[in-house]
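This report refers to the structure that appears directly beneath it.
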Amino acid sequence: MFQRQTPTPTPPLLVMRGIDKSFGGSPALRGAEFTLGRGEVHALIGQNGAGKSTLIKVLTGYHRRDAGLVEFDGQPFEVHSPHAAQAAGISTIYQEINLVGLRSVAENICLGREPRRFGLLDWRAMHAEARRLLGRFSIDVDVRRPLGSLPTATQQMVAIARAIGFKAKLVIMDEPTSSLDDREVEVLFDVIRQIRADGVSVVFVSHKLDELYAVCDRVTIMRDGTTVRSGPMSEIGKLELVATMLGRELTAVARQGATAFGAKAAHAAGEVLAVDQLAAGPRVRDVSLAVGAGEIVGMAGLLGAGRTETVRVVFGADPAAGGSMRYGGQPFRPTEPADAIARGIGFCTEDRKIEGIVPELSVRENLTLALLPHLTKAGIVDEAEQRRIVERFIQRLGVKCQSPEQPIRELSGGNQQKVLLARWLCMNPKLLILDEPTRGIDVGAKAEIQALIGELAKDGLAVLMVSSEVEEIIEGSDRAYVLRDGQTVAELTGQDLNETELLAAMAHGAHDSREYGHG
Amino acid sequence: MTTSLTSRTPLLVLVGRYGVIAALLLLILFGWARYDNFLGSYNILSFLRYTSMFALVALGMAFVIMSGGIDLSVGAVAAMSSVVAALASPYGLIPGLLAGAAAGLVAGILNGILITRLNIVPFIATLATMLAAGGTGLLLAGNQSVSVSYDTAFVELGQGDLLGFPVPAWIAAIAYVLGSIILNLTAFGRSVLAVGGSEDASRMMGLPADRVKFLVYAGSGLLAGLAGVILAAQFGAGQPIEGVGWELFAIAAVVVGGTLLTGGKGSVESTLAGALLLGLIFNILNFENGLGWISLSAYWQSVIRGLFLLLVVILQAKLVGRDATG
């Protein structure tokens, strides 16, 4: 599947070949390939878990590769620390800017290679150097100001200036635009083009397709730890890009039977949740959707499309900046999760380990924590009732544990997820929000959970399901919305809910001017 | 991810779980074999009378640590409360008790507000309260110890007996029973562990994380206040400069009891065992001095206590760590 590229006239700056890397027996990279020319802006893309970050971390010496060959600047390349990689000319700019906010711009640029006179810091030279580097990007700031007092975009420029100051030959940018507004993105792109003109190569990791096409020369697509496609950006269309990234055949039509969702429910009756032109933070700009009772509504989109951010706002975990919501026919504006829970909403988070389980507590405790206030009589927990509920749900959901008293951290991912589902189900919710309900769960448990979601909806529960798996959306949901760059770009129902339409919406956005979300 | 309970030696698990109790029993056996009168009623009763204060402070600390926090102010708060209680003691037993406890509660509430409303990290917030409470105690006392009134029944709180046991021991026993009920049987108690185990997850479940944190600091302050009342009543004076290092004793007792310093796991019973264990080390060192074989200065006692503590904590960390990573 990997296509050989035509040889470039000058030898490439970086060649990575046959890179393997496993963590505790599970492979993250399997023979990954990556070739980068000089003065080239190269997009590196892939789904969650495709291996992009691991590949970058192998390159920057953060991880040691198990096998494979790396050549940088014509030499075999062996570094064992990010520091060594930086010294060799590879600088990485992370999503969260990894500079020191309280120190001045100049210090941040020169940290680690401060100019000295007579063994002491030469502040004048340091300021001049910082001004010179930033001046190349036509950025005019007082270099003595603390970095943290500047806008995010400017901080990013400082990070790039620092990289250039270190004589970087390669700058890796990991989702550099995720916290920038449109105008700031333009400035960043200008800077990228400028350093490219100086012969510096850039690896650009982003999930925003339009940006990739705006600034990148070539693209490498990864999936499941291997490189599946590499070539000039102009030769790969958006749809092809998305399809390749998700591992779909473009010609495929509606498939069937790959997931365990039951037959689709008849169309829903009463509206439970309606979201209208919701905006929140940089990632949710204009999202509209509706969920009815007994309906499973899918929410599809590429990474960074704003799906998780949207459902967090619905649950009250993050504040809304604009738009409106209706729940059960009433205006709805939760300020904390407790509000949403009190109105009958449950939320299984994407990040089970951090926002889901309380690892040290038992299965019983984890299952009933949210319900506890309803389980107490005069402040004392009714343990008999608690045990009855726990037993009932362990049985109904088929949770495999030695006993309800077993710490939840000892359970498999699938069983942890079942306990978290039970946590909400025992509260009789009207709306259940599931964010990637089957991620990181083995095949068997995955089918069980999917079947369970189907049954719940049949019993009248409204389900809003975020998923990155195409089958899960197509087969599992009755309707699906597609988000792209924080906007609802498509609503797919019935015959339209198929792979072709879904991928097209992810890649191109809306193709007609339908109104979304008004049931 | 799956459990590997079977692959561990049961003995090790048992030692990990009951290590404190085992150490406690070993020390008692050692003392009984080595010293006359070690298990005599005089020693036992005065041991309980003295250790009760520390046990109360350790109980409050246990809840704070289980919720994922720390309370460095308990020693200074106890000292301040002892002064307040001494000043109120001429009005009687109840006013003295209430005034001392209230002083502790106010300090605890201050900690709670600093941490939950102003989002100051517990380490710093309680450090500030420690300084403020220490200063307040000295101000109220006019830089010296304040005699309690012997005209009222106040001193009974420290020196009296009830049904053959010292009053402080009764107070501590009641506090521990209540503490155990609160931790194990109330929604609040379970929320403490949930918040300590994963604050993010707790918030996403709609648990009132801030209220839980506020209440554990208020409770810790209240218990430190009670300890201060007992301190004043036992020694007949409010002691503005006592209480130095009590917070470390309390933290040590909690940790020795097997409570995770990172929060989310712990028990009231093992905290009591931890407090008793540390108290017993004091007691044994006193006996050792009394034997006259060697004469240990207070400084040496401090060094030995520190080393012993380190040993127990290292052992505990090893065993708990094994239990946690299993």
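Identifiers in this document derive from the order of the structure tokens: chains are assigned A, B, ..., residues are numbered from 1 separately in each chain, and ligands are numbered from 1 in order of occurrence.
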Could you tell me which residues of chain A sit within 6 Å of chain B when counting only C-alpha atoms, and give me the result as a PyMOL selection string?
chain A and resi 337-338+355-356+358+370+372+379-381+410-412
Could you name the residues that touch segment 99-116 of chain A at 6 Å or less, counting only C-alpha atoms, but leaving out those on the same chain fewer than 5 positions away, as an mmCIF file with C-alpha atoms, in the first residue's frame?
```
data_model
loop_
_atom_site.group_PDB
_atom_site.id
_atom_site.type_symbol
_atom_site.label_atom_id
_atom_site.label_comp_id
_atom_site.auth_asym_id
_atom_site.auth_seq_id
_atom_site.Cartn_x
_atom_site.Cartn_y
_atom_site.Cartn_z
ATOM 1 C CA LEU A 121 25.059 36.554 31.210
ATOM 2 C CA ASP A 122 25.292 39.161 28.502
ATOM 3 C CA HIS A 127 18.029 40.889 23.840
ATOM 4 C CA ALA A 130 15.953 37.665 20.445
ATOM 5 C CA VAL A 143 11.587 40.941 24.374
ATOM 6 C CA ARG A 144 11.883 41.795 28.075
ATOM 7 C CA ARG A 145 8.222 41.074 28.734
ATOM 8 C CA PRO A 146 7.282 37.820 30.422
ATOM 9 C CA LEU A 147 6.300 35.312 27.773
ATOM 10 C CA GLY A 148 3.093 34.379 29.561
ATOM 11 C CA ARG A 162 13.841 29.541 19.693
#
```
Spatial neighbours of segment 316-330 of chain A, 7 Å, only C-alpha atoms, chain gap at least 3 places, as a PDB file with C-alpha atoms, in the first residue's frame:
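Result written to selection_19.pdb:
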```
ATOM      1  CA  GLU A 271     -37.255  15.425  21.505  1.00  0.00           C
ATOM      2  CA  VAL A 272     -35.031  15.058  24.548  1.00  0.00           C
ATOM      3  CA  LEU A 273     -32.119  17.328  23.733  1.00  0.00           C
ATOM      4  CA  ALA A 274     -31.805  20.097  21.194  1.00  0.00           C
ATOM      5  CA  VAL A 275     -28.602  22.061  20.719  1.00  0.00           C
ATOM      6  CA  ASP A 276     -28.712  25.176  18.588  1.00  0.00           C
ATOM      7  CA  GLN A 277     -25.648  26.971  17.243  1.00  0.00           C
ATOM      8  CA  LEU A 278     -23.585  26.122  20.273  1.00  0.00           C
ATOM      9  CA  ALA A 279     -20.193  27.776  20.644  1.00  0.00           C
ATOM     10  CA  ALA A 280     -17.568  27.131  23.313  1.00  0.00           C
ATOM     11  CA  ARG A 312     -18.767  18.289  27.618  1.00  0.00           C
ATOM     12  CA  VAL A 313     -20.699  21.535  27.271  1.00  0.00           C
ATOM     13  CA  ARG A 333     -27.814  25.766  30.602  1.00  0.00           C
ATOM     14  CA  PRO A 334     -25.966  23.540  33.061  1.00  0.00           C
ATOM     15  CA  THR A 335     -23.115  25.170  34.963  1.00  0.00           C
ATOM     16  CA  GLU A 336     -21.704  21.959  36.405  1.00  0.00           C
ATOM     17  CA  PRO A 337     -22.134  18.234  35.793  1.00  0.00           C
ATOM     18  CA  ALA A 340     -27.012  17.825  34.054  1.00  0.00           C
TER      19      ALA A 340
END
```
Within 9 Å of Ala58 of chain B, counting only C-alpha atoms, which residues qualify if same-chain residues fewer than 3 places away don't, as a PyMOL selection string?
chain B and resi 53-55+61-63+220+223-224+246-247+249-254+271-272+274-275
Restricting it to all heavy atoms, dump the selection as a compact mmCIF listing (two decimals), in the first residue's frame.
```txt
# COMPACT_ATOMS: atom_id res chain seq x y z
N MET B 53 -4.48 12.85 72.49
CA MET B 53 -4.39 14.14 71.78
C MET B 53 -3.87 13.92 70.36
O MET B 53 -4.43 14.44 69.40
CB MET B 53 -3.41 15.07 72.49
CG MET B 53 -3.85 15.51 73.86
SD MET B 53 -2.68 16.70 74.53
CE MET B 53 -1.22 15.72 74.79
N PHE B 54 -2.80 13.15 70.27
CA PHE B 54 -2.19 12.92 68.96
C PHE B 54 -3.14 12.13 68.07
O PHE B 54 -3.24 12.36 66.87
CB PHE B 54 -0.87 12.17 69.12
CG PHE B 54 0.14 12.95 69.89
CD1 PHE B 54 0.52 12.55 71.17
CD2 PHE B 54 0.70 14.10 69.36
CE1 PHE B 54 1.44 13.28 71.88
CE2 PHE B 54 1.63 14.83 70.08
CZ PHE B 54 2.00 14.42 71.35
N ALA B 55 -3.84 11.19 68.71
CA ALA B 55 -4.75 10.36 67.93
C ALA B 55 -5.86 11.21 67.30
O ALA B 55 -6.25 10.99 66.16
CB ALA B 55 -5.34 9.26 68.81
N MET B 61 -6.31 14.39 60.20
CA MET B 61 -5.32 14.34 59.12
C MET B 61 -5.63 13.19 58.16
O MET B 61 -5.46 13.32 56.95
CB MET B 61 -3.92 14.16 59.72
CG MET B 61 -2.81 14.24 58.70
SD MET B 61 -2.58 15.91 58.05
CE MET B 61 -1.63 16.65 59.38
N ALA B 62 -6.11 12.07 58.71
CA ALA B 62 -6.41 10.92 57.86
C ALA B 62 -7.47 11.29 56.82
O ALA B 62 -7.32 10.98 55.63
CB ALA B 62 -6.88 9.74 58.71
N PHE B 63 -8.51 11.98 57.25
CA PHE B 63 -9.56 12.37 56.30
C PHE B 63 -9.01 13.34 55.26
O PHE B 63 -9.32 13.24 54.08
CB PHE B 63 -10.76 13.00 57.04
CG PHE B 63 -11.75 11.99 57.50
CD1 PHE B 63 -11.59 11.36 58.72
CD2 PHE B 63 -12.83 11.64 56.70
CE1 PHE B 63 -12.49 10.40 59.15
CE2 PHE B 63 -13.74 10.68 57.11
CZ PHE B 63 -13.58 10.06 58.34
N SER B 220 -10.81 18.58 60.32
CA SER B 220 -9.45 18.48 60.84
C SER B 220 -9.18 19.61 61.84
O SER B 220 -8.57 19.39 62.90
CB SER B 220 -8.45 18.55 59.67
OG SER B 220 -7.13 18.56 60.15
N LEU B 223 -10.98 18.81 65.18
CA LEU B 223 -10.29 17.78 65.96
C LEU B 223 -9.00 18.33 66.57
O LEU B 223 -8.65 18.02 67.70
CB LEU B 223 -10.00 16.55 65.09
CG LEU B 223 -11.26 15.74 64.76
CD1 LEU B 223 -10.99 14.74 63.64
CD2 LEU B 223 -11.75 15.00 66.01
N ALA B 224 -8.30 19.18 65.82
CA ALA B 224 -7.10 19.81 66.38
C ALA B 224 -7.50 20.69 67.55
O ALA B 224 -6.79 20.76 68.58
CB ALA B 224 -6.38 20.63 65.30
N TRP B 246 3.50 18.46 65.67
CA TRP B 246 2.35 17.56 65.76
C TRP B 246 1.86 17.16 64.38
O TRP B 246 1.40 16.05 64.17
CB TRP B 246 1.19 18.24 66.52
CG TRP B 246 1.37 18.24 68.01
CD1 TRP B 246 2.54 18.17 68.69
CD2 TRP B 246 0.32 18.31 68.97
NE1 TRP B 246 2.30 18.20 70.04
CE2 TRP B 246 0.94 18.29 70.24
CE3 TRP B 246 -1.06 18.39 68.90
CZ2 TRP B 246 0.21 18.35 71.42
CZ3 TRP B 246 -1.79 18.45 70.08
CH2 TRP B 246 -1.15 18.42 71.32
N GLU B 247 1.96 18.13 63.44
CA GLU B 247 1.47 17.81 62.10
C GLU B 247 2.28 16.66 61.50
O GLU B 247 1.74 15.80 60.81
CB GLU B 247 1.49 19.05 61.19
CG GLU B 247 2.86 19.68 60.92
CD GLU B 247 3.36 20.53 62.09
OE1 GLU B 247 2.53 20.91 62.96
OE2 GLU B 247 4.56 20.81 62.16
N PHE B 249 3.82 14.32 63.26
CA PHE B 249 3.39 13.10 63.95
C PHE B 249 2.12 12.56 63.31
O PHE B 249 1.98 11.37 63.04
CB PHE B 249 3.13 13.42 65.44
CG PHE B 249 2.65 12.24 66.23
CD1 PHE B 249 3.54 11.48 66.98
CD2 PHE B 249 1.31 11.87 66.21
CE1 PHE B 249 3.09 10.38 67.70
CE2 PHE B 249 0.85 10.77 66.92
CZ PHE B 249 1.76 10.02 67.67
N ALA B 250 1.18 13.48 63.06
CA ALA B 250 -0.11 13.06 62.50
C ALA B 250 0.07 12.47 61.11
O ALA B 250 -0.49 11.41 60.79
CB ALA B 250 -1.07 14.24 62.46
N ILE B 251 0.85 13.15 60.28
CA ILE B 251 1.08 12.63 58.93
C ILE B 251 1.73 11.25 59.01
O ILE B 251 1.35 10.31 58.32
CB ILE B 251 1.96 13.60 58.11
CG1 ILE B 251 1.20 14.91 57.86
CG2 ILE B 251 2.35 12.98 56.77
CD1 ILE B 251 2.07 16.03 57.33
N ALA B 252 2.72 11.14 59.90
CA ALA B 252 3.41 9.86 60.06
C ALA B 252 2.45 8.76 60.50
O ALA B 252 2.46 7.66 59.96
CB ALA B 252 4.55 10.00 61.06
N ALA B 253 1.57 9.09 61.46
CA ALA B 253 0.62 8.08 61.94
C ALA B 253 -0.27 7.62 60.82
O ALA B 253 -0.56 6.43 60.66
CB ALA B 253 -0.21 8.66 63.09
N VAL B 254 -0.73 8.58 60.00
CA VAL B 254 -1.62 8.24 58.89
C VAL B 254 -0.90 7.35 57.88
O VAL B 254 -1.43 6.34 57.42
CB VAL B 254 -2.14 9.53 58.22
CG1 VAL B 254 -2.88 9.22 56.93
CG2 VAL B 254 -3.04 10.30 59.18
N THR B 271 -5.38 4.09 61.03
CA THR B 271 -4.82 5.36 61.50
C THR B 271 -4.67 5.33 63.02
O THR B 271 -3.66 5.77 63.57
CB THR B 271 -5.72 6.54 61.09
OG1 THR B 271 -5.82 6.57 59.67
CG2 THR B 271 -5.16 7.85 61.59
N LEU B 272 -5.68 4.77 63.68
CA LEU B 272 -5.59 4.64 65.14
C LEU B 272 -4.40 3.76 65.50
O LEU B 272 -3.61 4.10 66.38
CB LEU B 272 -6.89 4.02 65.68
CG LEU B 272 -6.93 3.79 67.20
CD1 LEU B 272 -6.77 5.11 67.94
CD2 LEU B 272 -8.22 3.10 67.61
N GLY B 274 -1.76 3.33 63.76
CA GLY B 274 -0.56 4.10 63.48
C GLY B 274 -0.24 5.07 64.60
O GLY B 274 0.91 5.21 65.04
N ALA B 275 -1.26 5.77 65.10
CA ALA B 275 -1.05 6.73 66.18
C ALA B 275 -0.59 6.02 67.44
O ALA B 275 0.33 6.48 68.14
CB ALA B 275 -2.35 7.51 66.44
```
Which of A:Leu188, A:Val242, A:Ala85, A:Ala445 sits closest to Thr500 of chain A [using only C-alpha atoms]
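Of A:Leu188, A:Val242, A:Ala85, A:Ala445, the one nearest Thr500 of chain A, counting only C-alpha atoms, is A:Val242.
Across the structure, atom CA of Ala133 of chain B and atom CA of Glu156 of chain B are spaced 25.5 Å apart.
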Take atom CA of Arg38 of chain A and atom CA of Glu211 of chain A and report the distance between them in Å, one decimal.
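Interatomic distance here is 20.6 Å.
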Sel. of alpha helix (DSSP H) residues, segment 415-514 of chain A, as a PyMOL selection string
chain A and resi 415-425+443-458+470-476+499-508
Might you pull out every residue within 9 Å of segment 76-90 of chain B, with only C-alpha atoms counted and same-chain residues fewer than 6 positions away left off, and present them as a PyMOL selection string?
chain B and resi 57+96-104+107-108+129-138+140-141+145-155+221+223-233+236-247
Selected residues written out, C-alpha atoms, as a PDB file, in the first residue's frame:
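Writing the result to selection16.pdb gives the following:
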```
ATOM      1  CA  VAL B  57      -5.135  15.165  65.316  1.00  0.00           C
ATOM      2  CA  GLY B  96     -13.862  25.810  77.849  1.00  0.00           C
ATOM      3  CA  LEU B  97     -14.514  22.795  75.682  1.00  0.00           C
ATOM      4  CA  LEU B  98     -16.689  24.667  73.223  1.00  0.00           C
ATOM      5  CA  ALA B  99     -14.385  27.676  72.982  1.00  0.00           C
ATOM      6  CA  GLY B 100     -11.330  25.523  72.261  1.00  0.00           C
ATOM      7  CA  ALA B 101     -13.162  23.381  69.741  1.00  0.00           C
ATOM      8  CA  ALA B 102     -14.663  26.462  68.072  1.00  0.00           C
ATOM      9  CA  ALA B 103     -11.226  28.054  67.734  1.00  0.00           C
ATOM     10  CA  GLY B 104     -10.023  24.936  65.913  1.00  0.00           C
ATOM     11  CA  ALA B 107      -9.077  27.689  61.614  1.00  0.00           C
ATOM     12  CA  GLY B 108     -10.293  24.622  59.733  1.00  0.00           C
ATOM     13  CA  THR B 129      -2.903  29.082  58.637  1.00  0.00           C
ATOM     14  CA  MET B 130      -0.173  27.420  60.688  1.00  0.00           C
ATOM     15  CA  LEU B 131       1.716  30.716  60.954  1.00  0.00           C
ATOM     16  CA  ALA B 132      -1.442  32.718  61.610  1.00  0.00           C
ATOM     17  CA  ALA B 133      -2.729  30.317  64.261  1.00  0.00           C
ATOM     18  CA  GLY B 134       0.668  30.153  65.952  1.00  0.00           C
ATOM     19  CA  GLY B 135       0.785  33.943  66.126  1.00  0.00           C
ATOM     20  CA  THR B 136      -2.798  34.225  67.332  1.00  0.00           C
ATOM     21  CA  GLY B 137      -2.075  31.779  70.134  1.00  0.00           C
ATOM     22  CA  LEU B 138       0.951  33.779  71.287  1.00  0.00           C
ATOM     23  CA  LEU B 140      -3.881  35.719  73.122  1.00  0.00           C
ATOM     24  CA  ALA B 141      -1.531  34.224  75.679  1.00  0.00           C
ATOM     25  CA  SER B 145       1.505  29.805  79.040  1.00  0.00           C
ATOM     26  CA  VAL B 146      -1.959  30.575  80.413  1.00  0.00           C
ATOM     27  CA  SER B 147      -3.009  28.743  83.552  1.00  0.00           C
ATOM     28  CA  VAL B 148      -6.381  27.091  83.429  1.00  0.00           C
ATOM     29  CA  SER B 149      -8.874  27.630  86.185  1.00  0.00           C
ATOM     30  CA  TYR B 150      -8.893  24.880  88.802  1.00  0.00           C
ATOM     31  CA  ASP B 151     -12.163  26.319  90.214  1.00  0.00           C
ATOM     32  CA  THR B 152     -14.196  24.700  87.498  1.00  0.00           C
ATOM     33  CA  ALA B 153     -14.374  21.125  86.295  1.00  0.00           C
ATOM     34  CA  PHE B 154     -12.419  22.024  83.135  1.00  0.00           C
ATOM     35  CA  VAL B 155      -9.275  20.119  84.069  1.00  0.00           C
ATOM     36  CA  GLY B 221      -9.506  21.921  62.460  1.00  0.00           C
ATOM     37  CA  LEU B 223     -10.289  17.784  65.961  1.00  0.00           C
ATOM     38  CA  ALA B 224      -7.098  19.811  66.382  1.00  0.00           C
ATOM     39  CA  GLY B 225      -9.160  22.190  68.530  1.00  0.00           C
ATOM     40  CA  LEU B 226     -10.331  19.287  70.687  1.00  0.00           C
ATOM     41  CA  ALA B 227      -6.748  18.100  71.035  1.00  0.00           C
ATOM     42  CA  GLY B 228      -5.864  21.615  72.181  1.00  0.00           C
ATOM     43  CA  VAL B 229      -8.604  21.514  74.823  1.00  0.00           C
ATOM     44  CA  ILE B 230      -7.213  18.251  76.155  1.00  0.00           C
ATOM     45  CA  LEU B 231      -3.683  19.661  76.066  1.00  0.00           C
ATOM     46  CA  ALA B 232      -4.719  22.631  78.212  1.00  0.00           C
ATOM     47  CA  ALA B 233      -6.710  20.513  80.636  1.00  0.00           C
ATOM     48  CA  GLY B 236      -3.205  22.817  83.498  1.00  0.00           C
ATOM     49  CA  ALA B 237      -2.241  25.537  81.082  1.00  0.00           C
ATOM     50  CA  GLY B 238      -2.798  26.790  77.578  1.00  0.00           C
ATOM     51  CA  GLN B 239       0.431  26.165  75.715  1.00  0.00           C
ATOM     52  CA  PRO B 240       0.996  28.606  72.853  1.00  0.00           C
ATOM     53  CA  ILE B 241       4.320  27.059  71.902  1.00  0.00           C
ATOM     54  CA  GLU B 242       3.268  23.414  72.143  1.00  0.00           C
ATOM     55  CA  GLY B 243       2.126  21.598  69.075  1.00  0.00           C
ATOM     56  CA  VAL B 244       5.326  22.051  67.117  1.00  0.00           C
ATOM     57  CA  GLY B 245       5.797  18.956  64.995  1.00  0.00           C
ATOM     58  CA  TRP B 246       2.349  17.555  65.762  1.00  0.00           C
ATOM     59  CA  GLU B 247       1.466  17.811  62.097  1.00  0.00           C
TER      60      GLU B 247
END
```
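As for atom CA of Arg343 of chain A and atom CA of Gly460 of chain A, they are spaced 16.1 Å apart.
Assigned to strand (DSSP E) in segment 68-127 of chain A, given DSSP computed from backbone atoms, are A:Gly68, A:Leu69, A:Val70, A:Glu71, A:Phe72, A:Gln75, A:Pro76, A:Ile90, A:Ser91, A:Thr92, A:Ile93, A:Arg116, A:Arg117, A:Leu120, A:Leu121.
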Using the selection just defined, write its residues with N, CA and C atoms as a compact mmCIF listing (two decimals), in the first residue's frame.
```txt
# COMPACT_ATOMS: atom_id res chain seq x y z
N GLY A 68 14.73 -0.77 13.05
CA GLY A 68 14.58 0.22 12.00
C GLY A 68 15.79 1.11 11.87
N LEU A 69 15.72 1.96 10.86
CA LEU A 69 16.87 2.77 10.51
C LEU A 69 16.47 4.23 10.41
N VAL A 70 17.28 5.10 10.98
CA VAL A 70 17.01 6.53 10.86
C VAL A 70 18.25 7.21 10.31
N GLU A 71 18.04 8.00 9.27
CA GLU A 71 19.15 8.77 8.71
C GLU A 71 18.76 10.23 8.71
N PHE A 72 19.59 11.06 9.29
CA PHE A 72 19.29 12.48 9.33
C PHE A 72 20.46 13.24 8.76
N GLN A 75 23.46 11.22 7.66
CA GLN A 75 24.20 10.43 8.64
C GLN A 75 23.23 9.49 9.38
N PRO A 76 23.71 8.31 9.77
CA PRO A 76 22.88 7.50 10.68
C PRO A 76 22.62 8.30 11.95
N ILE A 90 16.99 19.06 15.54
CA ILE A 90 15.56 18.75 15.47
C ILE A 90 14.86 19.41 16.66
N SER A 91 14.00 20.36 16.39
CA SER A 91 13.26 21.04 17.46
C SER A 91 11.79 20.67 17.37
N THR A 92 11.18 20.49 18.52
CA THR A 92 9.76 20.13 18.55
C THR A 92 8.97 21.21 19.26
N ILE A 93 7.86 21.60 18.66
CA ILE A 93 6.98 22.57 19.29
C ILE A 93 5.68 21.87 19.60
N ARG A 116 27.33 34.90 26.82
CA ARG A 116 28.00 35.28 28.06
C ARG A 116 29.15 36.25 27.78
N ARG A 117 29.44 37.03 28.77
CA ARG A 117 30.65 37.86 28.74
C ARG A 117 31.33 37.68 30.07
N LEU A 120 29.58 35.77 32.68
CA LEU A 120 28.26 36.20 33.16
C LEU A 120 27.32 36.39 31.98
N LEU A 121 26.04 36.39 32.28
CA LEU A 121 25.06 36.55 31.21
C LEU A 121 25.23 37.91 30.55
```
Quick one: everything within 12 Å of Leu14 of chain A, counting only C-alpha atoms, minus sequence neighbours fewer than 6 positions away in the same chain. Send it as a PyMOL selection string.
chain A and resi 33-40+42+59+69-77+89-90+169-171+200-203
